[in-house]
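As stored in work.csv (CSV, C-alpha atoms (C1' of nucleotides)):
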```
chain,number,residue,atom,x,y,z
A,194,MET,CA,0.0,0.0,0.0
A,195,ARG,CA,1.0,3.6,-0.5
A,196,ILE,CA,1.4,4.8,3.1
A,197,ALA,CA,2.3,8.1,4.7
A,198,PHE,CA,3.9,7.5,8.1
A,199,MET,CA,3.6,9.9,11.1
A,200,GLY,CA,5.7,9.4,14.2
A,201,THR,CA,8.4,11.0,16.2
A,202,PRO,CA,10.1,9.2,19.1
A,203,GLU,CA,11.9,5.9,19.5
A,204,PHE,CA,8.6,4.1,20.1
A,205,ALA,CA,7.5,4.8,16.5
A,206,VAL,CA,10.7,3.5,14.9
A,207,PRO,CA,9.9,-0.2,14.8
A,208,SER,CA,6.6,0.5,13.2
A,209,LEU,CA,8.1,2.5,10.4
A,210,ALA,CA,10.8,-0.2,10.0
A,211,ALA,CA,8.1,-2.9,9.9
A,212,LEU,CA,6.2,-1.1,7.2
A,213,LEU,CA,9.2,-0.9,5.0
A,214,GLU,CA,10.1,-4.5,5.9
A,215,ALA,CA,6.6,-5.7,4.9
A,216,GLY,CA,7.1,-4.1,1.4
A,217,HIS,CA,4.7,-1.2,1.8
A,218,ALA,CA,5.5,1.9,-0.2
A,219,VAL,CA,6.2,4.5,2.5
A,220,VAL,CA,6.0,7.6,0.5
A,221,GLY,CA,6.7,10.0,3.3
A,222,ALA,CA,7.6,10.2,7.0
A,223,PHE,CA,6.2,13.1,9.0
A,224,CYS,CA,7.7,14.0,12.3
A,225,GLN,CA,8.0,16.9,14.7
A,226,PRO,CA,10.5,19.6,13.7
A,227,ASP,CA,14.1,19.3,15.0
A,228,ARG,CA,14.3,20.8,18.4
A,229,PRO,CA,17.2,22.4,20.2
A,230,GLN,CA,18.2,19.6,22.6
A,231,GLY,CA,20.8,18.8,25.2
A,232,ARG,CA,23.7,20.9,26.3
A,233,GLY,CA,24.6,23.5,23.7
A,234,ASN,CA,21.1,23.5,22.4
A,235,ARG,CA,22.0,21.8,19.2
A,236,LEU,CA,19.2,20.9,16.8
A,237,THR,CA,18.6,17.2,17.0
A,238,ALA,CA,16.8,15.0,14.6
A,239,CYS,CA,14.2,12.7,16.1
A,240,PRO,CA,14.6,8.9,15.8
A,241,VAL,CA,11.9,8.6,13.1
A,242,LYS,CA,13.7,11.2,11.0
A,243,LYS,CA,17.0,9.4,11.4
A,244,LEU,CA,15.6,6.1,10.2
A,245,ALA,CA,13.7,7.7,7.3
A,246,LEU,CA,16.8,9.4,6.1
A,247,GLU,CA,18.7,6.2,6.4
A,248,ARG,CA,16.1,4.3,4.3
A,249,GLY,CA,15.6,7.1,1.7
A,250,VAL,CA,12.1,7.9,2.8
A,251,PRO,CA,11.2,11.6,2.2
A,252,VAL,CA,10.9,13.5,5.6
A,253,PHE,CA,8.3,16.2,6.3
A,254,GLN,CA,8.4,18.3,9.4
A,255,PHE,CA,5.7,20.9,10.1
A,256,GLU,CA,5.2,22.9,13.2
A,257,LYS,CA,1.5,22.4,12.5
A,258,LEU,CA,0.7,19.8,10.0
A,259,ARG,CA,-2.9,21.0,10.0
A,260,ALA,CA,-1.8,24.4,8.6
A,261,PRO,CA,-2.3,24.8,4.8
A,262,GLU,CA,1.3,23.8,3.8
A,263,GLY,CA,1.1,20.6,5.8
A,264,VAL,CA,-2.3,19.7,4.3
A,265,ALA,CA,-1.0,20.4,0.8
A,266,ALA,CA,2.1,18.3,1.5
A,267,LEU,CA,0.1,15.3,2.6
A,268,ARG,CA,-2.3,15.6,-0.2
A,269,ALA,CA,0.5,15.7,-2.8
A,270,LEU,CA,1.8,12.4,-1.6
A,271,GLU,CA,-1.4,10.7,-2.7
A,272,ALA,CA,-1.1,8.1,0.0
A,273,GLU,CA,-3.9,5.5,0.3
A,274,LEU,CA,-3.4,5.2,4.0
A,275,VAL,CA,-1.9,7.2,6.9
A,276,VAL,CA,-0.3,5.4,9.8
A,277,THR,CA,0.5,7.2,13.0
A,278,ALA,CA,2.5,6.2,16.0
A,279,ALA,CA,3.3,8.6,18.8
A,280,PHE,CA,3.3,11.5,16.3
A,281,GLY,CA,2.8,14.2,18.8
A,282,GLN,CA,0.3,16.3,16.8
A,283,ILE,CA,-3.5,16.1,16.6
A,284,LEU,CA,-4.8,15.6,13.1
A,285,SER,CA,-7.5,17.9,11.8
A,286,GLN,CA,-10.6,16.5,10.1
A,287,GLU,CA,-9.2,18.0,6.9
A,288,LEU,CA,-6.1,15.8,7.2
A,289,LEU,CA,-8.1,12.8,8.2
A,290,ASP,CA,-10.2,13.1,5.0
A,291,ILE,CA,-7.2,13.0,2.7
A,292,PRO,CA,-6.2,9.3,2.6
A,293,PRO,CA,-8.9,7.2,0.9
A,294,ARG,CA,-8.3,4.2,3.2
A,295,GLY,CA,-8.3,6.3,6.3
A,296,THR,CA,-5.8,6.7,9.2
A,297,VAL,CA,-4.6,3.9,11.5
A,298,ASN,CA,-3.0,4.7,14.8
A,299,VAL,CA,-0.8,2.5,17.0
A,300,HIS,CA,-1.5,3.3,20.7
A,301,ALA,CA,0.4,1.9,23.6
A,302,SER,CA,-2.5,1.0,25.9
A,303,LEU,CA,-5.5,-1.2,26.1
A,304,LEU,CA,-8.1,1.4,25.0
A,305,PRO,CA,-10.3,2.9,26.1
A,306,ALA,CA,-8.1,3.0,29.2
A,307,TYR,CA,-5.1,5.4,29.2
A,308,ARG,CA,-6.0,7.6,26.3
A,309,GLY,CA,-3.6,10.5,25.9
A,310,PRO,CA,0.0,11.2,24.9
A,311,ALA,CA,1.9,9.2,27.6
A,312,PRO,CA,0.0,5.9,28.2
A,313,ILE,CA,3.1,3.9,29.1
A,314,ASN,CA,4.2,6.2,31.8
A,315,TRP,CA,0.8,6.5,33.3
A,316,CYS,CA,0.1,2.8,33.4
A,317,ILE,CA,3.2,2.3,35.5
A,318,ILE,CA,2.5,5.3,37.7
A,319,GLU,CA,-1.0,4.0,38.4
A,320,GLY,CA,0.5,0.6,39.4
A,321,GLU,CA,-1.0,-1.4,36.5
A,322,THR,CA,0.3,-4.9,36.0
A,323,VAL,CA,-1.1,-5.4,32.5
A,324,THR,CA,-1.1,-3.0,29.5
A,325,GLY,CA,-0.9,-3.5,25.8
A,326,ILE,CA,-1.2,-2.2,22.3
A,327,THR,CA,-4.3,-1.1,20.5
A,328,THR,CA,-4.5,-0.3,16.8
A,329,MET,CA,-7.3,2.0,15.9
A,330,ARG,CA,-9.0,4.2,13.4
A,331,THR,CA,-8.1,7.7,14.1
A,332,ASP,CA,-11.0,10.1,14.3
A,333,LYS,CA,-11.2,13.7,15.4
A,334,GLY,CA,-10.9,13.1,19.1
A,335,VAL,CA,-7.7,12.1,20.9
A,336,ASP,CA,-7.5,8.3,20.9
A,337,THR,CA,-11.3,8.0,20.6
A,338,GLY,CA,-11.6,6.2,17.3
A,339,ASP,CA,-12.8,2.7,16.7
A,340,MET,CA,-10.5,-0.1,17.8
A,341,LEU,CA,-9.1,-2.6,15.3
A,342,LEU,CA,-6.7,-5.1,17.0
A,343,GLN,CA,-5.5,-5.3,20.6
A,344,GLU,CA,-2.8,-7.2,22.3
A,345,ARG,CA,-2.3,-7.5,26.0
A,346,VAL,CA,1.2,-7.3,27.5
A,347,GLY,CA,2.1,-7.9,31.1
A,348,ILE,CA,4.1,-5.3,33.0
A,349,LEU,CA,7.1,-6.8,34.7
A,350,PRO,CA,7.7,-6.1,38.4
A,351,GLY,CA,10.1,-3.2,38.7
A,352,GLU,CA,9.9,-2.4,35.0
A,353,THR,CA,10.5,1.3,34.1
A,354,ALA,CA,8.6,3.2,31.5
A,355,GLY,CA,11.6,3.3,29.3
A,356,GLU,CA,12.0,-0.5,29.5
A,357,LEU,CA,8.4,-1.1,28.9
A,358,SER,CA,8.3,1.3,25.9
A,359,ALA,CA,11.2,-0.5,24.3
A,360,ARG,CA,9.4,-3.8,24.8
A,361,LEU,CA,6.0,-2.5,23.5
A,362,ALA,CA,7.4,-0.8,20.4
A,363,PRO,CA,8.2,-4.0,18.4
A,364,ILE,CA,4.9,-5.5,19.6
A,365,GLY,CA,3.1,-2.5,18.3
A,366,ALA,CA,4.9,-2.8,15.0
A,367,ALA,CA,3.9,-6.4,14.6
A,368,LEU,CA,0.3,-5.6,15.5
A,369,LEU,CA,0.3,-2.8,13.0
A,370,ILE,CA,1.4,-5.1,10.2
A,371,ARG,CA,-1.2,-7.7,11.1
A,372,THR,CA,-3.9,-4.9,11.2
A,373,LEU,CA,-3.0,-3.7,7.7
A,374,ARG,CA,-3.1,-7.3,6.4
A,375,GLU,CA,-6.5,-7.8,7.9
A,376,LEU,CA,-7.7,-4.5,6.6
A,377,GLU,CA,-6.6,-5.3,3.1
A,378,ALA,CA,-8.2,-8.7,3.4
A,379,GLY,CA,-11.4,-7.0,4.6
A,380,ASN,CA,-11.7,-9.1,7.7
A,381,CYS,CA,-10.4,-6.7,10.4
A,382,PRO,CA,-12.7,-6.2,13.3
A,383,ARG,CA,-13.8,-2.7,14.1
A,384,ILE,CA,-15.0,-2.1,17.6
A,385,PRO,CA,-16.3,1.3,18.9
A,386,GLN,CA,-14.8,2.3,22.2
A,387,ASP,CA,-16.8,2.3,25.4
A,388,HIS,CA,-16.4,5.9,26.0
A,389,ALA,CA,-17.9,5.6,29.5
A,390,ALA,CA,-15.1,3.4,30.5
A,391,ALA,CA,-12.4,5.6,29.0
A,392,THR,CA,-9.6,7.2,31.1
A,393,ARG,CA,-7.4,9.9,29.9
A,394,HIS,CA,-4.0,11.1,31.2
A,395,PRO,CA,-2.1,14.3,30.3
A,396,MET,CA,1.2,14.9,28.8
A,397,LEU,CA,4.2,14.4,31.2
A,398,ARG,CA,5.5,17.5,32.9
A,399,LYS,CA,8.7,18.0,34.7
A,400,GLU,CA,6.9,18.7,37.9
A,401,LEU,CA,5.2,15.3,37.8
A,402,GLY,CA,8.5,13.8,38.9
A,403,ARG,CA,8.5,15.6,42.2
A,404,ILE,CA,8.1,13.0,45.0
A,405,ASP,CA,5.3,13.6,47.5
A,406,TRP,CA,6.6,11.9,50.6
A,407,ALA,CA,3.1,11.8,52.1
A,408,GLN,CA,2.2,9.2,49.6
A,409,PRO,CA,2.7,5.5,50.5
A,410,ALA,CA,6.1,4.0,49.6
A,411,ARG,CA,4.5,1.7,47.1
A,412,ARG,CA,3.0,4.6,45.1
A,413,ILE,CA,6.3,6.4,45.2
A,414,VAL,CA,8.0,3.3,43.8
A,415,ASN,CA,5.5,3.4,40.9
A,416,LEU,CA,6.2,7.0,40.3
A,417,VAL,CA,9.9,6.4,40.2
A,418,ARG,CA,9.4,3.6,37.6
A,419,GLY,CA,6.8,5.5,35.6
A,420,VAL,CA,8.8,8.7,35.1
A,421,ASP,CA,12.0,6.9,34.1
A,422,PRO,CA,13.8,8.0,31.9
A,423,TRP,CA,11.9,11.3,31.7
A,424,PRO,CA,11.4,13.5,33.6
A,425,GLY,CA,12.8,11.4,36.4
A,426,ALA,CA,11.6,11.3,40.0
A,427,PHE,CA,13.2,13.9,42.2
A,428,THR,CA,13.2,15.3,45.7
A,429,THR,CA,15.0,18.2,47.4
A,430,LEU,CA,17.3,18.4,50.4
A,431,GLY,CA,17.8,22.1,51.2
A,432,ALA,CA,18.6,23.7,47.9
A,433,GLU,CA,19.9,20.5,46.3
A,434,VAL,CA,17.9,18.4,43.9
A,435,TYR,CA,18.3,14.6,44.1
A,436,LYS,CA,16.9,12.2,41.5
A,437,ILE,CA,15.8,8.8,42.6
A,438,TRP,CA,16.1,6.2,39.9
A,439,ARG,CA,15.4,2.9,41.7
A,440,ALA,CA,13.7,2.2,44.9
A,441,GLU,CA,11.7,-0.4,46.8
A,442,ALA,CA,8.9,-0.1,49.2
A,443,GLU,CA,9.2,-1.4,52.7
A,444,GLU,CA,6.0,-2.1,54.5
A,445,ALA,CA,7.3,-1.6,58.0
A,446,ALA,CA,5.4,0.9,60.2
A,447,VAL,CA,7.2,4.2,60.3
A,448,SER,CA,6.5,6.9,62.9
A,449,ALA,CA,8.9,9.6,61.6
A,450,ALA,CA,7.5,12.4,59.5
A,451,PRO,CA,7.3,11.7,55.7
A,452,GLY,CA,10.5,12.6,54.0
A,453,THR,CA,12.7,11.9,57.0
A,454,LEU,CA,16.0,10.2,56.3
A,455,LEU,CA,15.8,7.1,58.5
A,456,GLN,CA,19.0,5.4,57.5
A,457,ALA,CA,22.0,6.4,55.4
A,458,ASP,CA,24.7,3.8,55.6
A,459,ALA,CA,27.3,2.9,53.0
A,460,LYS,CA,26.6,-0.8,53.7
A,461,ALA,CA,23.0,-1.0,54.8
A,462,GLY,CA,21.7,1.6,52.3
A,463,MET,CA,19.2,4.4,52.5
A,464,ARG,CA,15.7,4.5,53.8
A,465,ILE,CA,13.3,7.4,53.8
A,466,ALA,CA,10.0,7.7,55.7
A,467,THR,CA,6.9,8.0,53.6
A,468,GLY,CA,3.2,8.4,54.3
A,469,GLY,CA,3.0,4.6,54.3
A,470,GLY,CA,6.0,2.5,55.0
A,471,ALA,CA,9.6,3.3,54.1
A,472,LEU,CA,11.2,3.9,50.8
A,473,ARG,CA,14.5,2.0,50.3
A,474,VAL,CA,16.5,4.0,47.8
A,475,LEU,CA,18.7,1.8,45.6
A,476,GLU,CA,19.9,4.2,43.0
A,477,LEU,CA,20.1,8.0,43.0
A,478,GLN,CA,21.7,10.9,41.3
A,479,ALA,CA,23.1,13.9,43.1
A,480,PRO,CA,23.3,17.3,41.4
A,481,GLY,CA,26.1,17.3,38.8
A,482,ALA,CA,26.8,13.6,39.3
A,483,LYS,CA,25.8,10.6,37.4
A,484,ARG,CA,23.3,8.1,38.7
A,485,MET,CA,24.8,5.6,41.0
A,486,ALA,CA,24.1,2.9,43.6
A,487,THR,CA,23.0,4.6,46.8
A,488,THR,CA,25.7,2.7,48.8
A,489,ASP,CA,28.4,4.0,46.4
A,490,TYR,CA,27.1,7.5,46.8
A,491,LEU,CA,27.1,7.3,50.6
A,492,ARG,CA,30.7,6.2,50.7
A,493,GLY,CA,31.8,9.6,49.5
A,494,HIS,CA,28.9,11.7,50.8
A,495,PRO,CA,27.8,10.9,54.3
A,496,MET,CA,24.3,12.1,55.1
A,497,ALA,CA,22.8,12.9,58.5
A,498,VAL,CA,20.0,10.7,59.6
A,499,GLY,CA,17.0,12.8,60.5
A,500,ALA,CA,17.3,15.2,57.6
A,501,ARG,CA,14.0,16.0,55.8
A,502,PHE,CA,13.6,15.6,52.1
A,503,GLY,CA,11.2,17.7,50.1
A,504,GLU,CA,10.8,20.3,52.9
A,505,ASP,CA,11.7,23.5,51.1
A,506,ALA,CA,10.6,24.8,47.7
B,83,C,C1',28.5,30.7,21.1
B,84,G,C1',22.2,29.2,26.5
B,85,C,C1',23.7,28.5,32.3
B,86,G,C1',26.3,25.3,35.7
B,87,G,C1',28.9,20.8,38.0
B,88,G,C1',32.5,17.0,37.2
B,89,G,C1',37.0,13.5,35.4
B,90,U,C1',42.3,11.4,41.2
B,91,G,C1',44.0,2.6,42.3
B,92,G,C1',38.0,-1.7,40.9
B,93,A,C1',33.5,1.9,43.4
B,94,G,C1',32.3,6.7,45.8
B,95,C,C1',35.2,10.9,47.3
B,96,A,C1',39.1,14.5,49.8
B,97,G,C1',43.3,17.1,48.2
B,98,U,C1',43.4,22.1,43.6
B,99,C,C1',42.0,28.5,46.1
B,100,U,C1',47.6,29.1,49.0
B,101,G,C1',52.6,24.3,43.9
B,102,G,C1',56.4,20.5,48.1
B,103,C,C1',55.7,12.4,50.5
B,104,A,C1',49.2,9.9,46.4
B,105,G,C1',45.1,10.3,50.9
B,106,C,C1',39.9,8.7,53.0
B,107,U,C1',35.6,5.3,53.2
B,108,C,C1',34.8,0.8,50.8
B,109,G,C1',35.9,-3.3,47.5
B,110,U,C1',39.6,-7.1,46.1
B,111,U,C1',43.5,-10.8,47.7
B,112,G,C1',46.0,-13.4,51.8
B,113,G,C1',46.1,-14.3,57.0
B,114,G,C1',43.7,-14.2,62.0
B,115,C,C1',39.3,-14.2,65.2
B,116,U,C1',34.1,-15.7,66.0
B,117,C,C1',28.5,-20.5,67.1
B,118,A,C1',27.5,-16.4,64.0
B,119,U,C1',27.7,-11.4,60.8
B,120,A,C1',26.2,-5.3,56.5
B,121,A,C1',31.0,-7.9,62.4
B,122,C,C1',36.1,-7.3,64.1
B,123,C,C1',41.8,-7.5,63.8
B,124,C,C1',46.5,-7.9,60.8
B,125,A,C1',48.8,-7.6,56.1
B,126,A,C1',49.2,-7.0,50.7
B,127,A,C1',48.2,-5.9,45.8
B,128,G,C1',46.3,-2.1,42.8
B,129,G,C1',47.6,5.1,40.3
B,130,U,C1',50.2,7.7,32.8
B,131,C,C1',45.8,12.2,39.1
B,132,G,C1',41.0,12.5,31.4
B,133,A,C1',44.8,13.8,27.0
B,134,G,C1',48.6,17.1,25.0
B,135,G,C1',51.5,21.3,25.6
B,136,G,C1',53.5,25.4,28.7
B,137,U,C1',55.5,27.9,33.5
B,138,U,C1',58.7,26.1,37.6
B,139,C,C1',64.2,23.5,41.3
B,140,A,C1',59.4,21.1,41.9
B,141,A,C1',52.6,20.5,39.0
B,142,A,C1',46.8,16.4,40.7
B,143,U,C1',47.4,21.8,42.1
B,144,C,C1',49.1,27.5,38.1
B,145,C,C1',48.5,28.9,32.3
B,146,C,C1',46.8,27.3,27.2
B,147,U,C1',44.4,23.7,23.9
B,148,C,C1',41.5,19.4,23.3
B,149,C,C1',38.4,14.9,24.8
B,150,C,C1',34.7,12.7,27.8
B,151,C,C1',30.6,12.5,31.7
B,152,C,C1',26.4,14.9,34.3
B,153,G,C1',22.5,18.6,36.0
B,154,C,C1',19.5,22.9,34.6
B,155,A,C1',17.1,25.4,30.8
B,156,A,C1',14.7,24.4,26.0
```

Could you take the file, read its structure, and then write that structure out as structure tokens?
Amino acid sequence: MRIAFMGTPEFAVPSLAALLEAGHAVVGAFCQPDRPQGRGNRLTACPVKKLALERGVPVFQFEKLRAPEGVAALRALEAELVVTAAFGQILSQELLDIPPRGTVNVHASLLPAYRGPAPINWCIIEGETVTGITTMRTDKGVDTGDMLLQERVGILPGETAGELSARLAPIGAALLIRTLRELEAGNCPRIPQDHAAATRHPMLRKELGRIDWAQPARRIVNLVRGVDPWPGAFTTLGAEVYKIWRAEAEEAAVSAAPGTLLQADAKAGMRIATGGGALRVLELQAPGAKRMATTDYLRGHPMAVGARFGEDA
RNA sequence: CGCGGGGUGGAGCAGUCUGGCAGCUCGUUGGGCUCAUAACCCAAAGGUCGAGGGUUCAAAUCCCUCCCCCGCAA
């Protein structure tokens, strides 16, 4: 099929690769414009753009695809079908009307649950143990279109959003290919979503990573996993910002105020009081330093038991 | 030219300002001790101090150039 692909981050890469692999004519790859990124603010190409260039697929980057130039560009490609995967822009009805065989989206959740731009992160933050991939017909709402195929995937204990995303991406790619095959054969199911059962979660913000020590340790662990690798869970100690990358919940009863440093020993490790149990910090990152095992950190940076995290700001 | 922190035995760090013996907490190895240990005691190995150049009687430390890592902002 003549397909226009739209996607931006790493998650979308296997889907684009699979389309090419399956012999589809990918006539264009749309992704977000290059953004200044990292130290030095250098313009950086997104993963989809890199792959597209590598495979000789024409790349299109519009600040707003729904603006006239974007619409014209898509129209000019004369694609039969549009495939989107974590594109990062909402398609207008005008855009949706262009491809004669419609638009198919690869979404990383079991719709209608976890609609929105960051389903993988939110599943983990909310403590889910099962998620999945849904392929769907894109309509004018955000992740509201009719569902095509769905595949359940278990979330591993301790798995981070980054790890889960890397695991889901190829599963999504495979499901996409199967969906297209069944669409072409005319035997693909098409199931309207139960909108009453839908949940929607917002885009990630930096501030989401701030640890609320009044929460139970178990929820803080889920936050730590769910915002890894971005924005990362963090807390403050005085003016310093510490990131916490790996932690376990300890159910023991704790009487100290939430955020209190209960233990900081280079051998026994670090424990912090929470609103429910203690948080055992296994891996952290101090300002200016790289992430490291808590015990390693404590060897060179003794900390006073009784200090309160998250007290300022 | 966005702002800032950092690179020192295997790990985490101090020492750099004010040049003068390569140091701390661990780990590793060997030995001892103990019913036992995230325990304790004794000993040992392990370093181009990120790279190159310069200044100096003398450079981890001061000057110049470069490389690499990290945080913030976006």

Using all atoms listed in the file, select each residue of chain A with any atom at most 12 Å away from an atom of chain B, and give the selection as a PyMOL selection string. chain A and resi 228-236+399+433-436+458-462+478-495

Got a sec: who's within 12 Å of G135 of chain B, counting all atoms listed in the file, leaving out chain neighbours fewer than 6 positions off, as an MDAnalysis selection string? chainID B and resid 145:148

To one decimal place, how far is atom CA of Ala301 of chain A from atom CA of Phe427 of chain A in Å? 25.6 Å

Just the residues within 12 Å of C123 of chain B, please, counting only C-alpha atoms (C1' of nucleotides), with nothing from its chain fewer than 4 positions along; format it as a PyMOL selection string. chain B and resi 113-116

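Minimum distance to G129 of chain B across B:G97, B:U111, B:C150, B:A142 (counting all atoms listed in the file) occurs at B:A142.
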
Which neighbours of segment 201-215 of chain A fall inside 9 Å, counting only C-alpha atoms (C1' of nucleotides), when residues of the same chain fewer than 2 positions from it are skipped, and could you give them as a count of residues only? 35

Around the point (5.0, 12.2, 45.3) (coordinates from the file), which residues reach within 9 Å if we count all atoms listed in the file? Answer as a VMD selection string. chain A and resid 401 to 409 412 to 413 416 426 to 428

Between A:Gly351, A:Gly499, A:Gly470, A:Gly425, which has the minimum distance to Ala457 of chain A (counting only C-alpha atoms)?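 Residue with the minimum atom-to-atom distance to Ala457 of chain A: A:Gly499.
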
Can you list, as a PyMOL selection string, every protein, DNA or RNA residue that comes within 9 Å of Pro226 of chain A when you count all atoms listed in the file, leaving out same-chain residues fewer than 5 positions away? chain A and resi 238-239+253-256

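With only C-alpha atoms as the atoms that count, the residue of A:Ala197, A:Ala272, A:Leu397, A:Leu303 with the shortest distance to Pro424 of chain A is A:Leu397.
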
Set the distance at 10 Å and use all atoms listed in the file: which residues neighbour U110 of chain B once local chain neighbours fewer than 4 positions away are removed? I'd like the list as a compact mmCIF listing (two decimals) with C-alpha atoms (C1' of nucleotides), in the coordinates of the input.
```txt
# COMPACT_ATOMS: atom_id res chain seq x y z
C1' G B 92 38.00 -1.70 40.90
C1' A B 127 48.20 -5.90 45.80
C1' G B 128 46.30 -2.10 42.80
```

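Of note, atom C1' of U138 of chain B and atom C1' of U98 of chain B are spaced 16.9 Å apart.
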
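For the residues B:C144, B:C149, B:C131, B:C139, ranking by smallest atom-to-atom distance to U100 of chain B using all atoms listed in the file places B:C144 first.
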
Just give me the residues with any atom within 6 Å of (-2.5, 0.8, 18.4), file coordinates, counting only C-alpha atoms (C1' of nucleotides), written as a PDB file with C-alpha atoms, in the frame of the given file.
```pdb
ATOM      1  CA  ASN A 298      -3.000   4.700  14.800  1.00  0.00           C
ATOM      2  CA  VAL A 299      -0.800   2.500  17.000  1.00  0.00           C
ATOM      3  CA  HIS A 300      -1.500   3.300  20.700  1.00  0.00           C
ATOM      4  CA  ILE A 326      -1.200  -2.200  22.300  1.00  0.00           C
ATOM      5  CA  THR A 327      -4.300  -1.100  20.500  1.00  0.00           C
ATOM      6  CA  THR A 328      -4.500  -0.300  16.800  1.00  0.00           C
ATOM      7  CA  MET A 329      -7.300   2.000  15.900  1.00  0.00           C
TER       8      MET A 329
END
```

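Atom pair atom CA of Leu349 of chain A / atom CA of Trp423 of chain A has a distance of 19.0 Å (rounded to one decimal).
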
Quick one: of A:Val447, A:Cys316, A:Ile291, A:Ile465, who's nearest to Ala266 of chain A, counting only C-alpha atoms? A:Ile291

Between A:Leu267, A:Val498, A:Ala410, A:Leu472, which residue has the minimum interatomic distance to Leu455 of chain A, considering only C-alpha atoms? A:Val498

Can you tell me, as JSON, the centre and edge lengths (Å, one decimal) of the axis-aligned box enclosing all of segment 114-129 of chain B's listed atoms after padding each side by 6 Å?
```
{"center_x": 37.7, "center_y": -7.7, "center_z": 53.7, "size_x": 35.0, "size_y": 37.6, "size_z": 38.8}
```
